[in-house]
$ cat work-v2.txt   # compact mmCIF, C-alpha atoms
# COMPACT_ATOMS: atom_id res chain seq x y z
CA MET A 1 123.37 161.24 74.42
CA ALA A 2 121.45 159.88 77.43
CA VAL A 3 120.13 156.32 77.34
CA VAL A 4 116.33 156.42 77.09
CA GLU A 5 113.90 153.89 78.57
CA SER A 6 113.15 152.23 75.23
CA GLN A 7 116.82 151.14 75.06
CA VAL A 8 116.56 149.21 78.33
CA ALA A 9 113.00 147.91 77.94
CA ALA A 10 114.38 144.45 77.17
CA LEU A 11 115.92 144.36 80.67
CA GLU A 12 112.74 145.14 82.56
CA LEU A 13 110.84 142.48 84.50
CA GLU A 14 107.12 141.96 84.05
CA ARG A 15 105.30 141.75 87.35
CA VAL A 16 102.39 139.28 87.55
CA ILE A 17 100.37 139.26 90.77
CA PRO A 18 100.41 135.63 91.96
CA LYS A 19 96.80 135.54 93.23
CA ILE A 20 94.11 134.89 90.63
CA ARG A 21 90.83 136.71 91.26
CA THR A 22 87.62 135.05 90.02
CA LEU A 23 85.17 137.52 88.47
CA PHE A 24 82.13 135.26 88.58
CA GLU A 25 80.39 132.95 91.04
CA ARG A 26 80.04 129.21 91.38
CA ASP A 27 77.07 129.23 93.75
CA ASP A 28 75.63 125.76 94.38
CA LYS A 29 73.79 126.43 97.62
CA PHE A 30 70.58 124.51 96.92
CA TYR A 31 72.32 121.58 95.22
CA ALA A 32 74.61 121.34 98.24
CA ASN A 33 71.52 121.24 100.46
CA ILE A 34 69.97 118.41 98.42
CA LYS A 35 73.33 116.61 98.25
CA LYS A 36 73.32 116.31 102.05
CA ARG A 37 70.08 114.35 102.03
CA ASP A 38 70.17 110.56 102.09
CA VAL A 39 70.68 109.16 98.60
CA GLU A 40 68.92 106.10 97.23
CA LYS A 41 71.18 103.96 95.05
CA ILE A 42 69.19 102.88 92.00
CA SER A 43 69.63 100.94 88.77
CA ASN A 44 68.34 102.02 85.38
CA ARG A 45 64.94 100.62 86.30
CA GLN A 46 62.30 102.91 87.73
CA MET A 47 62.67 103.81 91.38
CA ARG A 48 59.45 103.61 93.37
CA VAL A 49 58.46 105.95 96.17
CA PRO A 50 55.50 104.40 98.04
CA LEU A 51 52.79 106.82 99.10
CA GLU A 52 49.71 106.44 101.26
CA LEU A 53 47.68 108.50 98.88
CA ARG A 54 44.15 108.59 100.31
CA PRO A 55 42.42 107.70 103.58
CA GLY A 56 39.81 104.97 103.57
CA GLY A 57 37.16 103.14 105.51
CA SER A 58 33.45 103.80 105.47
CA PHE A 59 32.44 106.09 108.33
CA GLN A 60 28.79 106.25 109.39
CA TYR A 61 26.22 106.31 112.15
CA PHE A 62 24.51 102.98 112.71
CA ASN A 63 21.44 101.47 114.34
CA PRO A 64 22.45 99.17 117.22
CA ASP A 65 18.95 97.71 117.34
CA GLY A 66 19.41 95.15 114.60
CA GLY A 67 20.61 97.60 111.95
CA ASP A 68 22.89 96.66 109.04
CA LEU A 69 26.49 97.90 109.53
CA GLY A 70 27.21 97.65 105.84
CA ARG A 71 30.53 97.11 104.12
CA GLY A 72 33.90 98.85 104.63
CA GLY A 73 36.96 100.07 102.79
CA GLY A 74 40.55 101.10 103.43
CA PRO A 75 43.34 103.50 102.52
CA THR A 76 44.67 103.82 98.98
CA PHE A 77 48.36 103.24 98.40
CA ASP A 78 50.25 104.09 95.22
CA LYS A 79 53.77 104.89 94.07
CA ALA A 80 55.69 107.75 92.54
CA VAL A 81 58.25 106.61 89.94
CA LEU A 82 61.42 108.14 88.56
CA ASN A 83 64.48 107.37 86.44
CA SER A 84 67.90 108.96 86.50
CA VAL A 85 68.95 111.57 83.98
CA PHE A 86 72.59 111.96 82.98
CA LEU A 87 74.54 115.21 82.84
CA SER A 88 78.10 116.16 81.94
CA GLU A 89 80.48 119.11 82.15
CA ASN A 90 83.03 118.87 79.32
CA ILE A 91 86.46 120.47 79.74
CA GLU A 92 88.86 120.63 76.76
CA TYR A 93 92.30 122.20 76.43
CA THR A 94 95.17 122.21 73.95
CA LYS A 95 98.57 120.72 74.62
CA LEU A 96 100.10 124.18 74.34
CA THR A 97 97.92 125.26 77.27
CA GLN A 98 99.37 122.37 79.25
CA TRP A 99 103.00 122.84 78.22
CA SER A 100 102.93 126.63 78.67
CA THR A 101 101.86 126.40 82.32
CA ASP A 102 103.29 123.12 83.63
CA ASP A 103 106.13 124.70 85.63
CA GLU A 104 106.18 127.50 88.20
CA ARG A 105 108.90 129.19 86.14
CA LYS A 106 106.45 129.44 83.22
CA ALA A 107 103.21 130.48 84.90
CA ILE A 108 101.74 131.49 88.25
CA THR A 109 99.54 128.39 88.23
CA ASN A 110 99.34 125.12 86.36
CA GLY A 111 96.53 125.65 83.85
CA VAL A 112 95.46 122.02 83.55
CA ARG A 113 95.51 121.47 87.31
CA ARG A 114 93.32 124.53 87.79
CA LEU A 115 90.90 123.31 85.13
CA THR A 116 90.71 119.96 86.88
CA ALA A 117 90.32 121.51 90.33
CA THR A 118 87.47 123.83 89.30
CA ALA A 119 85.60 121.41 87.01
CA LEU A 120 83.71 119.83 89.90
CA ASP A 121 82.73 123.27 91.24
CA GLU A 122 81.44 124.28 87.82
CA MET A 123 79.52 121.02 87.48
CA ARG A 124 77.86 121.58 90.85
CA ARG A 125 76.98 125.14 89.82
CA GLN A 126 75.31 123.87 86.66
CA LEU A 127 73.39 121.23 88.60
CA ASP A 128 72.19 123.94 90.97
CA ALA A 129 70.90 125.93 87.99
CA GLN A 130 69.07 122.86 86.68
CA LEU A 131 67.31 122.51 90.03
CA MET A 132 65.68 125.87 89.35
CA GLN A 133 63.73 124.62 86.29
CA ALA A 134 60.60 122.49 85.98
CA GLY A 135 61.91 119.39 84.21
CA THR A 136 61.92 120.82 80.69
CA GLY A 137 65.52 122.04 80.77
CA ALA A 138 64.35 125.65 80.25
CA ILE A 139 66.86 128.15 81.67
CA GLY A 140 65.62 131.46 80.28
CA THR A 141 62.91 133.32 78.37
CA ILE A 142 63.72 135.75 75.57
CA THR A 143 62.25 139.22 75.94
CA THR A 144 63.86 140.91 72.92
CA VAL A 145 66.16 139.82 70.07
CA ALA A 146 68.79 141.97 68.35
CA THR A 147 70.90 140.50 65.53
CA ALA A 148 74.13 141.99 64.19
CA ALA A 149 77.15 140.51 62.37
CA GLY A 150 75.84 136.97 62.70
CA VAL A 151 75.35 137.22 66.48
CA ASP A 152 72.04 137.22 68.37
CA THR A 153 71.74 139.28 71.55
CA TYR A 154 68.88 138.22 73.80
CA THR A 155 67.48 140.36 76.59
CA LEU A 156 66.07 138.14 79.35
CA THR A 157 63.81 140.18 81.62
CA THR A 158 60.59 138.15 81.35
CA ASP A 159 61.15 135.56 84.07
CA GLY A 160 62.70 135.78 87.52
CA PHE A 161 66.14 134.50 86.49
CA GLY A 162 67.50 136.73 83.75
CA ALA A 163 70.78 135.20 82.53
CA ARG A 164 71.61 133.69 85.91
CA LEU A 165 71.00 130.03 85.01
CA MET A 166 73.33 130.20 81.98
CA ARG A 167 77.10 130.33 81.69
CA TYR A 168 79.62 131.79 79.29
CA GLY A 169 80.68 129.23 76.67
CA GLN A 170 77.57 127.10 77.20
CA THR A 171 75.81 125.65 74.16
CA ILE A 172 72.10 126.41 74.34
CA GLN A 173 69.03 125.66 72.25
CA VAL A 174 66.16 127.99 71.39
CA PHE A 175 62.62 126.58 71.28
CA ASP A 176 59.38 128.38 70.60
CA ALA A 177 57.14 129.36 73.51
CA THR A 178 55.29 126.03 73.38
CA LEU A 179 58.59 124.08 73.61
CA ALA A 180 57.48 122.10 70.57
CA THR A 181 59.60 123.67 67.81
CA LEU A 182 63.40 123.88 67.86
CA ARG A 183 64.65 127.10 66.27
CA GLY A 184 68.35 126.19 66.48
CA SER A 185 71.36 126.23 68.80
CA GLY A 186 74.43 128.33 69.46
CA VAL A 187 77.14 129.15 71.98
CA ILE A 188 76.93 131.93 74.56
CA THR A 189 79.77 134.29 73.64
CA THR A 190 78.76 137.20 75.87
CA TRP A 191 77.22 136.67 79.30
CA ASP A 192 76.01 139.81 81.08
CA VAL A 193 74.29 138.82 84.32
CA GLU A 194 73.85 142.38 85.56
CA ASN A 195 72.02 143.55 82.43
CA LYS A 196 70.28 140.21 81.86
CA THR A 197 71.58 139.70 78.33
CA VAL A 198 73.46 137.00 76.45
CA ALA A 199 74.98 136.99 72.99
CA VAL A 200 74.66 133.73 71.05
CA THR A 201 76.85 132.72 68.11
CA PRO A 202 75.84 131.94 65.42
CA ALA A 203 72.58 133.84 65.15
CA ILE A 204 69.55 131.56 65.30
CA ALA A 205 67.15 132.13 62.44
CA GLY A 206 63.60 132.83 63.52
CA ALA A 207 64.32 133.48 67.21
CA ILE A 208 61.72 135.86 68.62
CA ALA A 209 60.48 137.27 71.91
CA THR A 210 58.75 134.68 74.15
CA ASP A 211 61.03 131.90 72.86
CA ILE A 212 62.55 129.64 75.50
CA ILE A 213 66.25 128.91 76.01
CA VAL A 214 66.77 125.22 76.77
CA THR A 215 69.82 123.32 78.00
CA ASN A 216 71.77 121.47 75.33
CA GLY A 217 71.17 117.73 74.90
CA ILE A 218 67.39 117.88 75.25
CA THR A 219 65.41 117.07 72.12
CA SER A 220 61.87 117.03 73.50
CA PRO A 221 61.39 119.40 76.46
CA LEU A 222 57.69 118.61 76.82
CA SER A 223 58.50 115.00 77.75
CA LEU A 224 60.20 116.36 80.91
CA PRO A 225 63.60 114.78 80.28
CA ALA A 226 65.61 117.05 82.62
CA LEU A 227 66.22 117.16 86.34
CA PHE A 228 63.08 117.73 88.36
CA GLY A 229 63.77 121.05 90.03
CA VAL A 230 61.89 123.10 92.60
CA PRO A 231 59.18 124.39 90.19
CA TYR A 232 58.41 120.80 89.17
CA HIS A 233 57.79 119.51 92.69
CA HIS A 234 56.46 122.78 94.12
CA SER A 235 53.55 123.18 91.71
CA ASN A 236 49.80 123.17 92.21
CA ALA A 237 49.19 122.78 88.46
CA SER A 238 46.17 120.65 87.56
CA THR A 239 47.59 119.69 84.16
CA GLY A 240 50.53 117.50 83.26
CA THR A 241 52.12 114.80 85.38
CA TRP A 242 54.17 114.40 88.54
CA LEU A 243 56.35 111.29 88.95
CA GLY A 244 53.88 109.18 87.02
CA PHE A 245 50.70 110.68 88.49
CA SER A 246 48.16 112.71 86.56
CA ARG A 247 47.97 116.14 88.19
CA SER A 248 44.35 116.58 87.12
CA ALA A 249 43.17 113.25 88.57
CA THR A 250 45.33 113.32 91.71
CA PRO A 251 45.00 116.55 93.70
CA GLU A 252 46.84 114.87 96.58
CA ILE A 253 50.18 115.26 94.77
CA ARG A 254 49.85 118.99 94.14
CA SER A 255 51.83 121.49 96.17
CA ASN A 256 50.28 124.39 98.11
CA ARG A 257 50.33 127.71 96.29
CA VAL A 258 49.86 131.30 97.45
CA ASN A 259 49.53 133.75 94.56
CA GLY A 260 51.31 137.05 95.15
CA ASN A 261 49.25 138.66 92.35
CA ASN A 262 52.24 140.75 91.22
CA SER A 263 52.13 142.70 94.48
CA ALA A 264 54.88 143.27 97.03
CA LEU A 265 55.47 140.70 99.73
CA ALA A 266 52.96 141.15 102.55
CA LEU A 267 53.01 139.58 106.01
CA PRO A 268 49.85 137.43 105.64
CA LEU A 269 51.28 135.51 102.65
CA PRO A 270 53.98 133.40 104.39
CA ARG A 271 51.61 132.54 107.24
CA LEU A 272 49.01 131.44 104.70
CA ALA A 273 51.57 129.26 102.88
CA ILE A 274 52.57 127.43 106.06
CA ASN A 275 48.95 127.07 107.17
CA LYS A 276 48.14 125.50 103.81
CA ILE A 277 50.69 122.79 104.63
CA GLY A 278 49.04 122.22 108.01
CA ASN A 279 45.62 122.07 106.39
CA ARG A 280 46.84 119.22 104.16
CA VAL A 281 49.04 117.13 106.44
CA GLY A 282 47.87 118.08 109.94
CA ILE A 283 48.92 120.43 112.67
CA ASP A 284 51.26 117.91 114.31
CA ASN A 285 53.15 116.95 111.15
CA ASN A 286 56.53 118.04 112.61
CA PHE A 287 57.59 119.45 109.25
CA LYS A 288 60.11 122.26 109.61
CA PRO A 289 60.14 124.30 106.40
CA THR A 290 62.89 126.67 105.34
CA ALA A 291 61.90 129.68 103.24
CA TRP A 292 64.25 129.75 100.23
CA SER A 293 64.23 132.88 98.10
CA HIS A 294 66.29 135.30 96.07
CA PRO A 295 67.80 138.11 98.19
CA ALA A 296 65.36 140.43 96.40
CA GLN A 297 62.52 139.04 98.51
CA GLY A 298 64.73 139.29 101.58
CA ALA A 299 65.08 142.98 100.79
CA ALA A 300 61.29 143.28 100.40
CA TYR A 301 60.81 141.66 103.81
CA GLU A 302 63.46 143.93 105.32
CA GLU A 303 61.63 146.99 103.99
CA ILE A 304 58.52 145.88 105.88
CA GLY A 305 60.60 145.71 109.06
CA GLN A 306 62.22 149.08 108.43
CA LEU A 307 58.79 150.73 108.40
CA VAL A 308 58.33 149.89 112.09
CA ILE A 309 61.86 150.56 113.35
CA MET A 310 62.07 152.94 116.27
CA ILE A 311 65.48 154.39 117.12
CA GLN A 312 66.14 155.22 120.77
CA LYS A 313 68.92 157.80 120.38
CA GLN A 314 71.12 158.48 123.37
CA ALA A 315 73.26 161.58 124.03
CA LYS A 316 76.47 160.04 122.75
CA ASP A 317 78.13 158.90 119.53
CA GLU A 318 76.43 155.72 118.29
CA ALA A 319 76.77 153.52 115.22
CA LEU A 320 73.84 153.36 112.82
CA ASP A 321 72.70 150.24 110.98
CA MET A 322 69.17 150.38 109.58
CA TYR A 323 69.41 146.88 108.16
CA PHE A 324 68.68 143.48 109.66
CA GLY A 325 71.09 140.55 109.81
CA ASP A 326 70.95 137.13 108.18
CA LYS A 327 68.70 135.48 110.76
CA MET A 328 65.39 136.40 109.17
CA GLN A 329 62.30 134.23 109.58
CA LEU A 330 58.97 134.10 107.78
CA ALA A 331 56.16 132.86 110.03
CA GLY A 332 58.77 130.90 111.99
CA ALA A 333 60.51 129.47 108.93
CA PRO A 334 64.21 130.44 108.68
CA MET A 335 65.02 132.24 105.45
CA LYS A 336 67.82 131.13 103.13
CA PHE A 337 68.86 133.35 100.26
CA HIS A 338 70.19 132.11 96.95
CA TYR A 339 70.95 134.28 93.92
CA ASN A 340 69.97 131.45 91.55
CA TRP A 341 66.38 131.50 92.87
CA ASP A 342 63.48 132.99 90.95
CA ASN A 343 63.43 136.54 92.31
CA SER A 344 59.62 136.67 92.31
CA ARG A 345 59.13 133.53 94.38
CA ILE A 346 59.54 132.09 97.89
CA ASP A 347 59.57 128.31 98.36
CA PHE A 348 59.03 126.59 101.68
CA ILE A 349 61.43 123.65 101.45
CA VAL A 350 61.03 120.75 103.87
CA ASN A 351 64.33 118.87 103.78
CA GLU A 352 62.77 115.71 105.19
CA VAL A 353 60.62 115.18 102.09
CA TRP A 354 63.28 115.92 99.47
CA GLY A 355 65.49 113.11 98.21
CA ARG A 356 67.31 111.81 95.16
CA GLY A 357 67.81 108.50 93.42
CA GLU A 358 71.32 108.12 92.09
CA ILE A 359 72.75 105.67 89.59
CA LEU A 360 76.05 107.48 89.00
CA PRO A 361 77.73 109.68 91.64
CA ILE A 362 79.31 112.89 90.41
CA GLY A 363 82.89 112.36 89.26
CA PHE A 364 85.20 111.85 86.30
CA TYR A 365 84.02 109.84 83.30
CA THR A 366 86.45 106.93 83.13
CA THR A 367 87.20 104.18 80.62
CA ASP A 368 89.73 101.47 81.51
CA GLY A 369 91.07 103.75 84.23
CA ARG A 370 91.53 106.69 81.86
CA LYS A 371 90.07 110.08 82.80
CA ILE A 372 91.65 112.25 80.07
CA PHE A 373 91.11 111.52 76.38
CA GLU A 374 92.87 112.80 73.26
CA ILE A 375 91.01 114.63 70.51
CA ARG A 376 91.20 113.30 66.97
CA GLY A 377 91.99 115.59 64.06
CA PRO A 378 90.27 115.66 60.63
CA SER A 379 92.88 113.23 59.27
CA GLY A 380 92.05 110.64 61.90
CA GLY A 381 95.33 111.27 63.65
CA VAL A 382 95.78 112.65 67.15
CA ALA A 383 95.06 116.35 67.60
CA THR A 384 97.08 118.39 70.07
CA ALA A 385 94.19 118.70 72.49
CA ASP A 386 92.75 116.68 75.37
CA ILE A 387 89.31 116.48 76.96
CA PHE A 388 87.83 115.21 80.21
CA TYR A 389 84.28 114.98 81.51
CA MET A 390 82.60 115.42 84.87
CA VAL A 391 79.47 113.25 84.83
CA CYS A 392 76.60 112.17 87.07
CA GLY A 393 73.27 110.40 86.86
CA PHE A 394 70.45 111.02 89.31
CA GLN A 395 66.93 112.36 89.74
CA THR A 396 65.14 114.16 92.57
CA PHE A 397 61.87 113.31 94.26
CA VAL A 398 59.60 114.66 96.98
CA SER A 399 57.99 112.05 99.19
CA ASN A 400 55.13 114.29 100.32
CA PRO A 401 54.09 117.10 97.94
CA ALA A 402 51.31 118.10 100.36
CA GLY A 403 54.06 119.13 102.77
CA THR A 404 55.43 121.78 100.40
CA ALA A 405 54.29 125.34 99.68
CA TYR A 406 55.33 128.36 97.68
CA ILE A 407 54.48 131.99 97.04
CA ASP A 408 54.85 133.11 93.42
CA ASN A 409 54.15 136.18 91.28
CA LEU A 410 55.64 138.51 93.89
CA ASP A 411 56.61 142.01 92.89
CA VAL A 412 60.38 142.43 92.64
CA PRO A 413 61.93 145.46 94.36
CA ALA A 414 63.46 148.04 92.03
CA GLY A 415 66.96 147.29 90.78
CA TYR A 416 66.73 143.51 90.89

$ encode --input "work-v2.txt" --output "structure tokens"
Amino acid sequence: MAVVESQVAALELERVIPKIRTLFERDDKFYANIKKRDVEKISNRQMRVPLELRPGGSFQYFNPDGGDLGRGGGPTFDKAVLNSVFLSENIEYTKLTQWSTDDERKAITNGVRRLTATALDEMRRQLDAQLMQAGTGAIGTITTVATAAGVDTYTLTTDGFGARLMRYGQTIQVFDATLATLRGSGVITTWDVENKTVAVTPAIAGAIATDIIVTNGITSPLSLPALFGVPYHHSNASTGTWLGFSRSATPEIRSNRVNGNNSALALPLPRLAINKIGNRVGIDNNFKPTAWSHPAQGAAYEEIGQLVIMIQKQAKDEALDMYFGDKMQLAGAPMKFHYNWDNSRIDFIVNEVWGRGEILPIGFYTTDGRKIFEIRGPSGGVATADIFYMVCGFQTFVSNPAGTAYIDNLDVPAGY
């Protein structure tokens, strides 16, 4: 009787493709941009950013024929203040993970080495996401809640981020819409960026639509304990505070806003935003803004250009490309696209006014030279698992809020 394949299956080799493909992104484009700016080394005391807040002097006409010139005044100086916040990316693995992959004859890559090599990239990605929130640590807004088998599934279509600022395996907290009441916390066990949904385990009792998803480790979001991201500095709000200033009492520290009114991007809006900067800080300010946005607004701008394209067809075979390249500009400001950006917003970032105060550069958490720590089991003995931490401590600031501008509430093209 002929030998069948099942009788020789034990002799067959298993082929494993040696190149590992990554099915997600680690975009850190804006954090990388901020990282390039000069850093101010600070202690745990408040850092001060001196500002010439208001002009002064007493201007008048006067009578040169014995008239009283009166008294004078001068400019007002004040300071913005900030303290560092501390963030960590925690990576844990079992000893079996280490031993099973520590030789090229066992695995196509060393598992622990890969974890170590990508930890910094993941940390930078998380920091980039934090720079998209307004200091509360909020990274998403719940639109609908579905609960089944002890798991909550949240649809996140209310804001301009969806699930983009979150990550699989991340522990998150759910607060009510006022950010005053903590509903509970859980771990993201399904992360669907395309459909803007996450599944959270265990289910959080009382979670409802309009609730806010907040980064773990924050107990009081309203006290603004998180990184100060773009929406914090680029805000014309007349309530709340900015780096120690009252927004209501200090209009000088508010950003310049253009309201898109839920309509599609139109050509007058970017020009208005840049002119608002000039109106505040002068025509010769030498500020060179860059228009940062989600590619969705780049597509909206491209559609405006496509409406006026004229094709001069010649009597020969020619290639066709109805799309523009990457060198787009809005009212002279180069555009930069970032998928982590709010897709209904364009921010005019002036690199010269952005900075950061840093107490702890990004790197491994170390104690007595150790970077990797053992886990303890329930008995108090050593567990067969290790952990390491990527940590940093810093805060951002803007030295001239009047030199910033943004367009918000833009309509988002279909499909985004």

$ closest_atom_pairs --input "work-v2.txt" --of "region 375-399 of chain A" --to "region 125-147 of chain A" --cutoff "12 Å" --atoms "all atoms listed in the file" --output "Markdown table"
| residue | atom | partner | partner_atom | distance |
| --- | --- | --- | --- | --- |
| A:Met390 | CA | A:Gln126 | CA | 11.3 |
| A:Val391 | CA | A:Leu127 | CA | 10.7 |
| A:Cys392 | CA | A:Leu127 | CA | 9.7 |
| A:Gly393 | CA | A:Leu127 | CA | 11.0 |
| A:Phe394 | CA | A:Leu127 | CA | 10.6 |
| A:Gln395 | CA | A:Leu131 | CA | 10.2 |
| A:Thr396 | CA | A:Leu131 | CA | 9.0 |
| A:Phe397 | CA | A:Leu131 | CA | 11.5 |

$ residues_around --input "work-v2.txt" --residues "Ser185 (chain A)" --least-positions-apart "3" --cutoff "9 Å" --atoms "all atoms listed in the file" --output "VMD selection string"
chain A and resid 171 to 174 182 200 to 204 216

$ closest_residue --input "work-v2.txt" --among "A:Asp65, A:Glu25, A:Asp386, A:Glu12" --to "Val112 (chain A)" --atoms "all atoms listed in the file"
A:Asp386

$ residues_around --input "work-v2.txt" --residues "Arg254 (chain A)" --least-positions-apart "2" --cutoff "7 Å" --atoms "all atoms listed in the file" --output "PDB file with C-alpha atoms, in the coordinates of the input"
ATOM      1  CA  SER A 235      53.550 123.180  91.710  1.00  0.00           C
ATOM      2  CA  ASN A 236      49.800 123.170  92.210  1.00  0.00           C
ATOM      3  CA  ALA A 237      49.190 122.780  88.460  1.00  0.00           C
ATOM      4  CA  ARG A 247      47.970 116.140  88.190  1.00  0.00           C
ATOM      5  CA  PRO A 251      45.000 116.550  93.700  1.00  0.00           C
ATOM      6  CA  GLU A 252      46.840 114.870  96.580  1.00  0.00           C
ATOM      7  CA  ASN A 256      50.280 124.390  98.110  1.00  0.00           C
ATOM      8  CA  PRO A 401      54.090 117.100  97.940  1.00  0.00           C
ATOM      9  CA  ALA A 402      51.310 118.100 100.360  1.00  0.00           C
TER      10      ALA A 402
END

$ closest_residue --input "work-v2.txt" --among "A:Ala266, A:Val214, A:Met1, A:Val8" --to "Gly184 (chain A)" --atoms "all atoms listed in the file"
A:Val214

$ atom_distance --input "work-v2.txt" --atom1 "CA of Ala205 (chain A)" --atom2 "CA of Asp159 (chain A)"
22.7 Å

$ residues_around --input "work-v2.txt" --residues "region 40-43 of chain A" --least-positions-apart "4" --cutoff "12 Å" --atoms "only C-alpha atoms" --output "list in words"
Lys35, Met47, Arg48, Val49, Val81, Leu82, Asn83, Ser84, Val85, Trp354, Gly355, Arg356, Gly357, Glu358, Ile359, Leu360, Pro361, Gly393, Phe394, Gln395, Thr396 and Phe397 of chain A

$ atom_distance --input "work-v2.txt" --atom1 "CA of Ile218 (chain A)" --atom2 "CA of Gly162 (chain A)"
20.7 Å

$ residues_near_point --input "work-v2.txt" --point "(57.8, 128.9, 98.5)" --cutoff "8 Å" --atoms "only C-alpha atoms" --output "mmCIF file with C-alpha atoms, in the frame of the given file"
data_model
loop_
_atom_site.group_PDB
_atom_site.id
_atom_site.type_symbol
_atom_site.label_atom_id
_atom_site.label_comp_id
_atom_site.auth_asym_id
_atom_site.auth_seq_id
_atom_site.Cartn_x
_atom_site.Cartn_y
_atom_site.Cartn_z
ATOM 1 C CA HIS A 234 56.460 122.780 94.120
ATOM 2 C CA ARG A 257 50.330 127.710 96.290
ATOM 3 C CA ALA A 273 51.570 129.260 102.880
ATOM 4 C CA ALA A 291 61.900 129.680 103.240
ATOM 5 C CA TRP A 292 64.250 129.750 100.230
ATOM 6 C CA SER A 293 64.230 132.880 98.100
ATOM 7 C CA ARG A 345 59.130 133.530 94.380
ATOM 8 C CA ILE A 346 59.540 132.090 97.890
ATOM 9 C CA ASP A 347 59.570 128.310 98.360
ATOM 10 C CA PHE A 348 59.030 126.590 101.680
ATOM 11 C CA ILE A 349 61.430 123.650 101.450
ATOM 12 C CA THR A 404 55.430 121.780 100.400
ATOM 13 C CA ALA A 405 54.290 125.340 99.680
ATOM 14 C CA TYR A 406 55.330 128.360 97.680
ATOM 15 C CA ILE A 407 54.480 131.990 97.040
ATOM 16 C CA ASP A 408 54.850 133.110 93.420
#

$ closest_residue --input "work-v2.txt" --among "A:Met123, A:Val187, A:Leu222, A:Leu96" --to "Thr384 (chain A)" --atoms "all atoms listed in the file"
A:Leu96

$ atom_distance --input "work-v2.txt" --atom1 "CA of Ala264 (chain A)" --atom2 "CA of Val412 (chain A)"
7.1 Å

$ axis_aligned_box --input "work-v2.txt" --around "region 42-57 of chain A" --padding-each-side "4 Å" --output "JSON"
{"center_x": 53.4, "center_y": 104.6, "center_z": 95.4, "size_x": 40.5, "size_y": 16.0, "size_z": 28.1}
